[in-house]
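Undergrad: Pasting target_4.pdb below, which is PDB, C-alpha atoms.
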```
ATOM      1  CA  MET A   1       0.000   0.000   0.000
ATOM      2  CA  LYS A   2       1.169   3.490  -0.846
ATOM      3  CA  GLN A   3       2.279   5.575   2.132
ATOM      4  CA  LEU A   4       0.408   8.779   2.886
ATOM      5  CA  LYS A   5       3.599  10.848   2.809
ATOM      6  CA  ALA A   6       4.088   9.844  -0.838
ATOM      7  CA  PHE A   7       0.791  11.526  -1.817
ATOM      8  CA  GLN A   8       0.993  14.750  -3.802
ATOM      9  CA  LEU A   9      -0.955  17.981  -3.412
ATOM     10  CA  GLY A  10      -4.500  17.500  -4.727
ATOM     11  CA  GLU A  11      -4.231  13.728  -4.680
ATOM     12  CA  SER A  12      -7.040  11.725  -3.070
ATOM     13  CA  VAL A  13      -6.975   8.650  -0.863
ATOM     14  CA  PRO A  14      -9.134   5.782  -2.173
ATOM     15  CA  GLU A  15     -12.839   6.632  -1.730
ATOM     16  CA  ILE A  16     -15.149   4.465   0.325
ATOM     17  CA  THR A  17     -18.842   4.055  -0.464
ATOM     18  CA  LEU A  18     -20.851   2.824   2.513
ATOM     19  CA  ALA A  19     -23.681   0.310   2.307
ATOM     20  CA  PRO A  20     -27.125   2.001   2.324
ATOM     21  CA  VAL A  21     -27.792   3.387   5.809
ATOM     22  CA  ALA A  22     -29.869   0.911   7.816
ATOM     23  CA  ARG A  23     -31.789   1.405  11.037
ATOM     24  CA  LEU A  24     -29.628  -1.217  12.692
ATOM     25  CA  ASP A  25     -26.487   0.857  11.975
ATOM     26  CA  LEU A  26     -28.000   3.693  13.994
ATOM     27  CA  ILE A  27     -29.212   1.451  16.806
ATOM     28  CA  LYS A  28     -25.686   0.042  17.075
ATOM     29  CA  TYR A  29     -24.165   3.505  17.057
ATOM     30  CA  ALA A  30     -26.603   4.703  19.716
ATOM     31  CA  GLY A  31     -25.481   1.842  21.948
ATOM     32  CA  ALA A  32     -21.766   2.249  21.254
ATOM     33  CA  SER A  33     -21.733   6.041  21.605
ATOM     34  CA  GLY A  34     -24.320   6.466  24.359
ATOM     35  CA  ASP A  35     -26.318   8.930  22.230
ATOM     36  CA  PHE A  36     -29.869   7.665  22.630
ATOM     37  CA  ASN A  37     -31.665  10.689  21.166
ATOM     38  CA  PRO A  38     -34.740   8.893  19.729
ATOM     39  CA  ILE A  39     -34.801  10.962  16.496
ATOM     40  CA  HIS A  40     -32.045   8.575  15.359
ATOM     41  CA  THR A  41     -33.880   5.332  16.042
ATOM     42  CA  ILE A  42     -37.655   5.771  16.473
ATOM     43  CA  ASP A  43     -39.840   6.965  13.553
ATOM     44  CA  ALA A  44     -42.587   8.489  15.693
ATOM     45  CA  GLU A  45     -40.061  10.571  17.640
ATOM     46  CA  ALA A  46     -38.382  11.783  14.438
ATOM     47  CA  GLU A  47     -41.785  12.811  13.055
ATOM     48  CA  LYS A  48     -42.654  14.595  16.278
ATOM     49  CA  ALA A  49     -39.470  16.620  15.772
ATOM     50  CA  GLY A  50     -40.659  17.600  12.295
ATOM     51  CA  LEU A  51     -38.449  15.210  10.346
ATOM     52  CA  PRO A  52     -39.647  12.971   7.500
ATOM     53  CA  GLY A  53     -38.041   9.980   9.201
ATOM     54  CA  ILE A  54     -35.156   8.989  11.432
ATOM     55  CA  ILE A  55     -31.803  10.580  10.646
ATOM     56  CA  ALA A  56     -28.290   9.300  11.254
ATOM     57  CA  HIS A  57     -26.288  10.739  14.135
ATOM     58  CA  GLY A  58     -23.938  13.345  12.655
ATOM     59  CA  MET A  59     -21.234  11.653  14.693
ATOM     60  CA  TRP A  60     -21.962   8.293  13.043
ATOM     61  CA  THR A  61     -21.098   9.789   9.665
ATOM     62  CA  MET A  62     -18.123  11.690  11.114
ATOM     63  CA  GLY A  63     -16.880   8.475  12.742
ATOM     64  CA  ASN A  64     -17.174   6.640   9.432
ATOM     65  CA  LEU A  65     -15.369   9.386   7.532
ATOM     66  CA  ALA A  66     -12.238   9.058   9.679
ATOM     67  CA  LYS A  67     -11.749   5.487   8.495
ATOM     68  CA  LEU A  68     -10.322   6.759   5.210
ATOM     69  CA  PHE A  69      -7.191   7.325   7.330
ATOM     70  CA  THR A  70      -7.186   4.091   9.314
ATOM     71  CA  PRO A  71      -4.909   2.265   6.828
ATOM     72  CA  TYR A  72      -2.266   4.949   7.446
ATOM     73  CA  LEU A  73      -2.355   5.089  11.259
ATOM     74  CA  ASP A  74       0.950   3.269  11.536
ATOM     75  CA  GLU A  75       2.511   6.224   9.739
ATOM     76  CA  GLY A  76       1.020   8.948  11.924
ATOM     77  CA  PHE A  77      -2.192  10.051  13.604
ATOM     78  CA  ILE A  78      -5.149  12.372  13.191
ATOM     79  CA  GLN A  79      -4.103  15.541  14.984
ATOM     80  CA  ASP A  80      -7.016  17.775  14.024
ATOM     81  CA  TYR A  81     -10.415  16.757  12.754
ATOM     82  CA  SER A  82     -12.999  19.467  12.194
ATOM     83  CA  ILE A  83     -16.373  18.988  10.586
ATOM     84  CA  ARG A  84     -19.324  21.118   9.701
ATOM     85  CA  PHE A  85     -22.621  19.202   9.440
ATOM     86  CA  ARG A  86     -24.312  20.371   6.266
ATOM     87  CA  GLY A  87     -27.122  17.970   5.540
ATOM     88  CA  MET A  88     -29.131  15.181   7.087
ATOM     89  CA  VAL A  89     -28.527  11.510   6.381
ATOM     90  CA  PHE A  90     -31.623   9.333   6.079
ATOM     91  CA  ILE A  91     -32.251   5.578   6.007
ATOM     92  CA  ASP A  92     -31.232   4.018   2.639
ATOM     93  CA  ASP A  93     -28.971   6.965   1.762
ATOM     94  CA  VAL A  94     -25.730   5.907   0.115
ATOM     95  CA  ILE A  95     -22.813   7.882   1.475
ATOM     96  CA  THR A  96     -19.424   8.211  -0.183
ATOM     97  CA  LEU A  97     -16.381   9.284   1.831
ATOM     98  CA  LYS A  98     -13.633  11.382   0.224
ATOM     99  CA  ALA A  99     -10.363  13.042   1.208
ATOM    100  CA  SER A 100      -7.752  14.932  -0.782
ATOM    101  CA  ILE A 101      -4.581  16.777   0.165
ATOM    102  CA  ALA A 102      -4.999  20.545   0.428
ATOM    103  CA  GLU A 103      -1.663  21.367   2.049
ATOM    104  CA  LYS A 104       1.582  19.470   2.398
ATOM    105  CA  GLN A 105       4.279  20.098   4.981
ATOM    106  CA  PRO A 106       7.115  17.756   6.020
ATOM    107  CA  GLU A 107       5.425  16.688   9.255
ATOM    108  CA  ARG A 108       1.779  17.398   8.594
ATOM    109  CA  LEU A 109      -0.655  16.819   5.773
ATOM    110  CA  THR A 110      -3.905  18.764   5.618
ATOM    111  CA  PHE A 111      -6.823  17.081   3.872
ATOM    112  CA  THR A 112     -10.180  18.358   2.759
ATOM    113  CA  VAL A 113     -12.641  15.658   3.773
ATOM    114  CA  GLN A 114     -16.268  15.196   2.853
ATOM    115  CA  ALA A 115     -19.159  12.778   2.981
ATOM    116  CA  VAL A 116     -21.451  13.013  -0.042
ATOM    117  CA  ASN A 117     -24.908  11.466  -0.503
ATOM    118  CA  GLN A 118     -26.354   9.748  -3.588
ATOM    119  CA  GLN A 119     -27.567  13.120  -4.925
ATOM    120  CA  GLY A 120     -24.021  14.450  -4.850
ATOM    121  CA  LYS A 121     -24.772  16.756  -1.914
ATOM    122  CA  ASP A 122     -22.232  17.225   0.882
ATOM    123  CA  VAL A 123     -23.655  16.044   4.172
ATOM    124  CA  LEU A 124     -20.401  16.653   6.050
ATOM    125  CA  LYS A 125     -17.404  18.715   5.124
ATOM    126  CA  GLY A 126     -14.220  19.671   6.905
ATOM    127  CA  ASN A 127     -10.528  19.078   7.366
ATOM    128  CA  ILE A 128      -8.167  16.530   8.805
ATOM    129  CA  VAL A 129      -4.610  17.344   9.758
ATOM    130  CA  PHE A 130      -2.586  14.148   9.727
ATOM    131  CA  SER A 131       0.608  14.311  11.762
ATOM    132  CA  LEU A 132       3.486  12.275  10.313
TER     133      LEU A 132
ATOM    134  CA  MET B   1     -29.828  32.696  29.966
ATOM    135  CA  LEU B   2     -27.243  30.933  27.914
ATOM    136  CA  LYS B   3     -24.872  33.891  27.726
ATOM    137  CA  GLU B   4     -24.449  33.678  31.489
ATOM    138  CA  SER B   5     -23.228  30.099  31.132
ATOM    139  CA  ILE B   6     -20.026  31.165  29.364
ATOM    140  CA  GLY B   7     -17.044  30.068  31.421
ATOM    141  CA  LYS B   8     -18.998  27.576  33.518
ATOM    142  CA  ARG B   9     -17.407  24.154  33.761
ATOM    143  CA  SER B  10     -17.978  20.653  35.049
ATOM    144  CA  GLU B  11     -15.967  18.689  37.595
ATOM    145  CA  LYS B  12     -13.366  16.247  36.234
ATOM    146  CA  VAL B  13     -14.533  12.669  35.725
ATOM    147  CA  LYS B  14     -12.215   9.654  35.387
ATOM    148  CA  ASN B  15     -12.850   7.525  32.277
ATOM    149  CA  THR B  16     -11.130   4.251  31.491
ATOM    150  CA  ILE B  17     -10.765   3.365  27.828
ATOM    151  CA  GLU B  18     -12.108  -0.167  27.926
ATOM    152  CA  ARG B  19     -11.192  -2.687  25.272
ATOM    153  CA  GLY B  20     -14.805  -3.845  24.897
ATOM    154  CA  ALA B  21     -16.088  -0.288  24.488
ATOM    155  CA  VAL B  22     -13.513   0.409  21.762
ATOM    156  CA  ARG B  23     -14.499  -2.795  19.975
ATOM    157  CA  LYS B  24     -18.187  -1.920  20.089
ATOM    158  CA  PHE B  25     -17.489   1.615  18.877
ATOM    159  CA  ALA B  26     -15.139   0.556  16.050
ATOM    160  CA  GLU B  27     -17.724  -1.978  14.884
ATOM    161  CA  ALA B  28     -20.513   0.637  15.006
ATOM    162  CA  ILE B  29     -18.586   2.828  12.546
ATOM    163  CA  SER B  30     -17.502  -0.258  10.527
ATOM    164  CA  ASP B  31     -13.848   0.413  11.201
ATOM    165  CA  PRO B  32     -12.629  -2.813  12.831
ATOM    166  CA  SER B  33      -8.916  -2.195  12.342
ATOM    167  CA  PRO B  34      -6.508  -4.569  14.148
ATOM    168  CA  LEU B  35      -4.751  -1.418  15.390
ATOM    169  CA  PHE B  36      -7.871  -0.695  17.469
ATOM    170  CA  LEU B  37      -8.884  -4.256  18.308
ATOM    171  CA  ASP B  38      -6.086  -6.792  18.157
ATOM    172  CA  GLU B  39      -3.677  -6.843  21.084
ATOM    173  CA  LYS B  40      -0.835  -8.358  19.089
ATOM    174  CA  ALA B  41      -1.234  -5.866  16.226
ATOM    175  CA  GLY B  42      -1.191  -3.057  18.791
ATOM    176  CA  LYS B  43       2.031  -4.324  20.363
ATOM    177  CA  GLU B  44       3.713  -4.562  16.987
ATOM    178  CA  SER B  45       2.585  -1.074  15.904
ATOM    179  CA  LYS B  46       4.593   2.123  16.326
ATOM    180  CA  TYR B  47       2.487   2.929  19.406
ATOM    181  CA  GLY B  48       3.277  -0.363  21.160
ATOM    182  CA  LYS B  49      -0.410  -0.694  22.059
ATOM    183  CA  ASN B  50      -3.898  -0.396  20.649
ATOM    184  CA  ILE B  51      -5.291   3.060  19.989
ATOM    185  CA  ALA B  52      -8.881   4.356  19.935
ATOM    186  CA  PRO B  53     -10.720   5.783  16.884
ATOM    187  CA  ALA B  54     -10.527   9.588  16.537
ATOM    188  CA  THR B  55     -14.177  10.212  17.452
ATOM    189  CA  PHE B  56     -14.169   7.819  20.446
ATOM    190  CA  PRO B  57     -14.209  10.730  22.988
ATOM    191  CA  VAL B  58     -17.961  11.124  22.355
ATOM    192  CA  THR B  59     -18.311   8.177  24.740
ATOM    193  CA  PHE B  60     -16.489   9.905  27.628
ATOM    194  CA  ASP B  61     -18.324  11.190  30.645
ATOM    195  CA  ALA B  62     -17.220  14.770  31.245
ATOM    196  CA  GLY B  63     -19.673  15.534  34.050
ATOM    197  CA  SER B  64     -22.338  18.192  33.772
ATOM    198  CA  ILE B  65     -22.120  21.953  33.710
ATOM    199  CA  PRO B  66     -24.023  23.523  36.594
ATOM    200  CA  ASP B  67     -27.202  25.419  35.653
ATOM    201  CA  LEU B  68     -26.854  24.688  31.936
ATOM    202  CA  LYS B  69     -30.328  23.659  30.781
ATOM    203  CA  LEU B  70     -30.878  22.953  27.116
ATOM    204  CA  PRO B  71     -34.182  22.347  25.361
ATOM    205  CA  SER B  72     -34.802  18.699  24.492
ATOM    206  CA  GLN B  73     -35.841  19.611  20.932
ATOM    207  CA  GLY B  74     -34.815  22.157  18.343
ATOM    208  CA  LEU B  75     -31.082  21.530  18.760
ATOM    209  CA  ILE B  76     -28.910  21.064  15.700
ATOM    210  CA  HIS B  77     -25.380  19.750  15.828
ATOM    211  CA  GLY B  78     -23.521  22.335  13.762
ATOM    212  CA  GLU B  79     -19.840  21.546  14.060
ATOM    213  CA  GLN B  80     -17.481  19.153  15.807
ATOM    214  CA  ILE B  81     -13.760  19.810  16.161
ATOM    215  CA  TYR B  82     -11.079  17.532  17.623
ATOM    216  CA  HIS B  83      -7.523  18.350  18.473
ATOM    217  CA  TYR B  84      -5.124  15.646  19.626
ATOM    218  CA  ASN B  85      -1.664  15.882  21.133
ATOM    219  CA  ARG B  86      -1.339  12.131  20.641
ATOM    220  CA  PRO B  87      -3.680   9.201  19.958
ATOM    221  CA  LEU B  88      -5.595   7.715  22.913
ATOM    222  CA  PHE B  89      -4.502   4.275  24.095
ATOM    223  CA  VAL B  90      -6.763   1.373  24.926
ATOM    224  CA  GLY B  91      -6.577   0.703  28.660
ATOM    225  CA  GLU B  92      -5.520   4.193  29.727
ATOM    226  CA  GLU B  93      -7.365   6.508  32.074
ATOM    227  CA  VAL B  94      -8.525   9.875  30.782
ATOM    228  CA  TYR B  95      -9.808  12.638  33.031
ATOM    229  CA  CYS B  96     -12.517  14.674  31.293
ATOM    230  CA  TRP B  97     -14.301  17.923  32.030
ATOM    231  CA  MET B  98     -16.111  20.441  29.908
ATOM    232  CA  GLU B  99     -16.708  24.128  29.683
ATOM    233  CA  VAL B 100     -19.112  26.507  27.953
ATOM    234  CA  LYS B 101     -16.650  28.240  25.656
ATOM    235  CA  ASP B 102     -18.992  30.709  24.034
ATOM    236  CA  TYR B 103     -22.557  31.607  23.208
ATOM    237  CA  TYR B 104     -23.687  34.034  20.510
ATOM    238  CA  GLU B 105     -26.746  34.739  18.405
ATOM    239  CA  LYS B 106     -27.064  35.426  14.706
ATOM    240  CA  SER B 107     -30.089  36.102  12.583
ATOM    241  CA  GLY B 108     -30.552  34.177   9.387
ATOM    242  CA  ASN B 109     -33.180  32.769   7.051
ATOM    243  CA  PHE B 110     -34.745  30.725   9.823
ATOM    244  CA  GLY B 111     -34.970  33.532  12.385
ATOM    245  CA  ASP B 112     -32.565  34.150  15.233
ATOM    246  CA  MET B 113     -30.299  31.246  15.976
ATOM    247  CA  GLY B 114     -28.231  30.685  19.101
ATOM    248  CA  PHE B 115     -24.782  29.095  18.857
ATOM    249  CA  LEU B 116     -23.497  27.319  21.937
ATOM    250  CA  VAL B 117     -19.845  26.240  21.977
ATOM    251  CA  ILE B 118     -18.995  23.493  24.466
ATOM    252  CA  THR B 119     -15.447  22.188  24.798
ATOM    253  CA  LYS B 120     -14.576  18.843  26.360
ATOM    254  CA  TYR B 121     -11.026  18.408  27.648
ATOM    255  CA  GLY B 122      -9.233  15.082  28.203
ATOM    256  CA  GLU B 123      -6.159  14.909  30.426
ATOM    257  CA  ASP B 124      -3.862  12.166  31.665
ATOM    258  CA  ALA B 125      -3.384  11.380  35.371
ATOM    259  CA  GLU B 126      -0.688  14.093  35.608
ATOM    260  CA  GLY B 127      -3.024  16.717  34.184
ATOM    261  CA  ALA B 128      -1.334  16.926  30.756
ATOM    262  CA  LEU B 129      -3.815  17.700  27.975
ATOM    263  CA  LEU B 130      -4.404  14.784  25.580
ATOM    264  CA  PHE B 131      -7.225  16.126  23.436
ATOM    265  CA  THR B 132     -10.004  18.674  23.127
ATOM    266  CA  GLU B 133     -13.417  18.105  21.562
ATOM    267  CA  GLU B 134     -15.399  21.184  20.653
ATOM    268  CA  ARG B 135     -19.071  20.930  19.813
ATOM    269  CA  ILE B 136     -21.114  23.745  18.350
ATOM    270  CA  VAL B 137     -24.836  23.339  18.946
ATOM    271  CA  ILE B 138     -27.315  25.527  17.094
ATOM    272  CA  ILE B 139     -30.516  26.321  18.968
ATOM    273  CA  ASN B 140     -33.446  27.683  16.988
ATOM    274  CA  GLU B 141     -35.623  30.520  18.175
ATOM    275  CA  ALA B 142     -38.707  28.426  18.936
ATOM    276  CA  ALA B 143     -36.689  26.115  21.161
ATOM    277  CA  ARG B 144     -35.087  29.044  22.977
ATOM    278  CA  LYS B 145     -38.435  30.664  23.664
ATOM    279  CA  GLY B 146     -39.602  27.483  25.335
ATOM    280  CA  MET B 147     -36.602  27.462  27.666
ATOM    281  CA  PRO B 148     -36.747  28.233  31.321
ATOM    282  CA  VAL B 149     -34.990  31.541  31.939
TER     283      VAL B 149
END
```
Go ahead and express the file in the form of structure tokens.

TA:
Amino acid sequence: MKQLKAFQLGESVPEITLAPVARLDLIKYAGASGDFNPIHTIDAEAEKAGLPGIIAHGMWTMGNLAKLFTPYLDEGFIQDYSIRFRGMVFIDDVITLKASIAEKQPERLTFTVQAVNQQGKDVLKGNIVFSL
Amino acid sequence: MLKESIGKRSEKVKNTIERGAVRKFAEAISDPSPLFLDEKAGKESKYGKNIAPATFPVTFDAGSIPDLKLPSQGLIHGEQIYHYNRPLFVGEEVYCWMEVKDYYEKSGNFGDMGFLVITKYGEDAEGALLFTEERIVIINEAARKGMPV
């Protein structure tokens, strides 16, 4: 596998497309994270909050997005990870995770990262600084 | 009012990064890397032990901020920002507390919105900072009006 430090400015790490979002994914994340806000797991509660259906935890998508960097964690670590939540993720949405190098320094690489839905809309966007 | 909460903080709480909790979390974000989960892989890595996924601090108990009452609905998670001095290790103890960093209001297309900035801090047993986790919560006008003053 190619090392992260060999990547050039503008180059992207291999994209990951997640399986369609399932209710069980969100139930599992609720349990693992301790975030039991029912708008993420129970239809009636989501509707009461004015939503068309349950939505994924923003942190579920943000947690998934970081895995683009997991193959490189023996080279360095995620020093900064900042995300702006830009759109909701619903059941059956197909999310693609992307990262490309925006800035390259000898000991730190700055990536633009995003999670995009099947309509091509950003649901999450931000930056990761990877410390080498 | 929320503006008066700025600067208020919680008491420190000790958290232990449990192997089982890391496994459950890594599986919930479909990121079951041996570096997180496999003891042998951790030992052979540059860290000499297993590490936790970057967003794992959402699981930490950081206590509660006195007198900070938020509405149960009408909250939107706007931003989330992590800074690490090093990765977190499976098995270690992390002491967490949080603080209301800021609160401000802006008017936009959906009326006046409140922005609450809460920062969680994680320290080692000696008090050295390991990470910060900043969360920006957006509170819409309707929710704020329903809040106890």

Undergrad: Return as number ranges by chain the set of residues that the ChimeraX specification (/A :<10) & /B yields on the displayed structure.

TA: B: 20-36, 42, 44-47, 51, 53-61, 72-74, 76-87, 131-136

Undergrad: Just want the 12 Å neighbourhood of Gly7 of chain B, counted on all atoms listed in the file, with same-chain residues fewer than 2 positions away dropped. Output as number ranges by chain.

TA: B: 2-5, 9-10, 65-68, 98-103, 116-119

Undergrad: Written as a ChimeraX atom specification, which residues does the PyMOL selection byres ((chain A and resi 93) around 12) give for the file shown?

TA: /A:17-23,54-56,61,87-92,94-96,115-121,123

Undergrad: Deliver the residues from the most recent selection as a file, using C-alpha atoms, as a PDB file, in the frame of the given file.

TA:
```
ATOM      1  CA  THR A  17     -18.842   4.055  -0.464  1.00  0.00           C
ATOM      2  CA  LEU A  18     -20.851   2.824   2.513  1.00  0.00           C
ATOM      3  CA  ALA A  19     -23.681   0.310   2.307  1.00  0.00           C
ATOM      4  CA  PRO A  20     -27.125   2.001   2.324  1.00  0.00           C
ATOM      5  CA  VAL A  21     -27.792   3.387   5.809  1.00  0.00           C
ATOM      6  CA  ALA A  22     -29.869   0.911   7.816  1.00  0.00           C
ATOM      7  CA  ARG A  23     -31.789   1.405  11.037  1.00  0.00           C
ATOM      8  CA  ILE A  54     -35.156   8.989  11.432  1.00  0.00           C
ATOM      9  CA  ILE A  55     -31.803  10.580  10.646  1.00  0.00           C
ATOM     10  CA  ALA A  56     -28.290   9.300  11.254  1.00  0.00           C
ATOM     11  CA  THR A  61     -21.098   9.789   9.665  1.00  0.00           C
ATOM     12  CA  GLY A  87     -27.122  17.970   5.540  1.00  0.00           C
ATOM     13  CA  MET A  88     -29.131  15.181   7.087  1.00  0.00           C
ATOM     14  CA  VAL A  89     -28.527  11.510   6.381  1.00  0.00           C
ATOM     15  CA  PHE A  90     -31.623   9.333   6.079  1.00  0.00           C
ATOM     16  CA  ILE A  91     -32.251   5.578   6.007  1.00  0.00           C
ATOM     17  CA  ASP A  92     -31.232   4.018   2.639  1.00  0.00           C
ATOM     18  CA  VAL A  94     -25.730   5.907   0.115  1.00  0.00           C
ATOM     19  CA  ILE A  95     -22.813   7.882   1.475  1.00  0.00           C
ATOM     20  CA  THR A  96     -19.424   8.211  -0.183  1.00  0.00           C
ATOM     21  CA  ALA A 115     -19.159  12.778   2.981  1.00  0.00           C
ATOM     22  CA  VAL A 116     -21.451  13.013  -0.042  1.00  0.00           C
ATOM     23  CA  ASN A 117     -24.908  11.466  -0.503  1.00  0.00           C
ATOM     24  CA  GLN A 118     -26.354   9.748  -3.588  1.00  0.00           C
ATOM     25  CA  GLN A 119     -27.567  13.120  -4.925  1.00  0.00           C
ATOM     26  CA  GLY A 120     -24.021  14.450  -4.850  1.00  0.00           C
ATOM     27  CA  LYS A 121     -24.772  16.756  -1.914  1.00  0.00           C
ATOM     28  CA  VAL A 123     -23.655  16.044   4.172  1.00  0.00           C
TER      29      VAL A 123
END
```

Undergrad: Take the PyMOL selection byres ((chain A and resi 3) around 10), run it mentally on this structure, and tell me the resulting residues as a PDB file with C-alpha atoms, keeping the file's coordinate frame.

TA:
```pdb
ATOM      1  CA  MET A   1       0.000   0.000   0.000  1.00  0.00           C
ATOM      2  CA  LYS A   2       1.169   3.490  -0.846  1.00  0.00           C
ATOM      3  CA  LEU A   4       0.408   8.779   2.886  1.00  0.00           C
ATOM      4  CA  LYS A   5       3.599  10.848   2.809  1.00  0.00           C
ATOM      5  CA  ALA A   6       4.088   9.844  -0.838  1.00  0.00           C
ATOM      6  CA  PHE A   7       0.791  11.526  -1.817  1.00  0.00           C
ATOM      7  CA  PRO A  71      -4.909   2.265   6.828  1.00  0.00           C
ATOM      8  CA  TYR A  72      -2.266   4.949   7.446  1.00  0.00           C
ATOM      9  CA  ASP A  74       0.950   3.269  11.536  1.00  0.00           C
ATOM     10  CA  GLU A  75       2.511   6.224   9.739  1.00  0.00           C
TER      11      GLU A  75
END
```

Undergrad: Would you work out the distance separating atom CA of Glu92 of chain B from atom CA of Asp38 of chain B, expressed in Å to one decimal?

TA: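 Taking atom CA of Glu92 of chain B and atom CA of Asp38 of chain B, their separation equals 16.0 Å.
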
Undergrad: To one decimal in Å, tell me the separation between atom CA of Thr16 of chain B and atom CA of Trp97 of chain B.

TA: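 It comes out at 14.0 Å.
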
Undergrad: To box segment 56-66 of chain B, take all atoms listed in the file, fit an axis-aligned box, add 5 Å on each side, and give centre and edge lengths in Å to one decimal, as JSON.

TA:
```
{"center_x": -19.1, "center_y": 15.7, "center_z": 28.5, "size_x": 19.9, "size_y": 25.7, "size_z": 26.1}
```

Undergrad: With all atoms listed in the file as the basis for distance, which of A:Ser12, A:Gln105, A:Thr41, A:Gln114 is at the shortest distance from Phe130 of chain A?

TA: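 That would be A:Gln105, the residue with the smallest distance to Phe130 of chain A.
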
Undergrad: Leaving out Glu105 of chain B and any residue of its chain fewer than 3 positions from it, which residues lie within 9 Å of it when counting all atoms listed in the file, given as a PyMOL selection string?

TA: chain B and resi 112-116

Undergrad: How many Å lie between atom CA of Val13 of chain A and atom CA of Leu37 of chain B, rounded to one decimal?

TA: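 Taking atom CA of Val13 of chain A as the start and atom CA of Leu37 of chain B as the end point, the length is 23.2 Å.
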
Undergrad: Find the residues around Lys104 of chain A up to 9 Å (only C-alpha atoms counted), leave out those fewer than 6 positions away in its own chain, and share them as a ChimeraX atom specification.

TA: /A:5,8-9,110-111
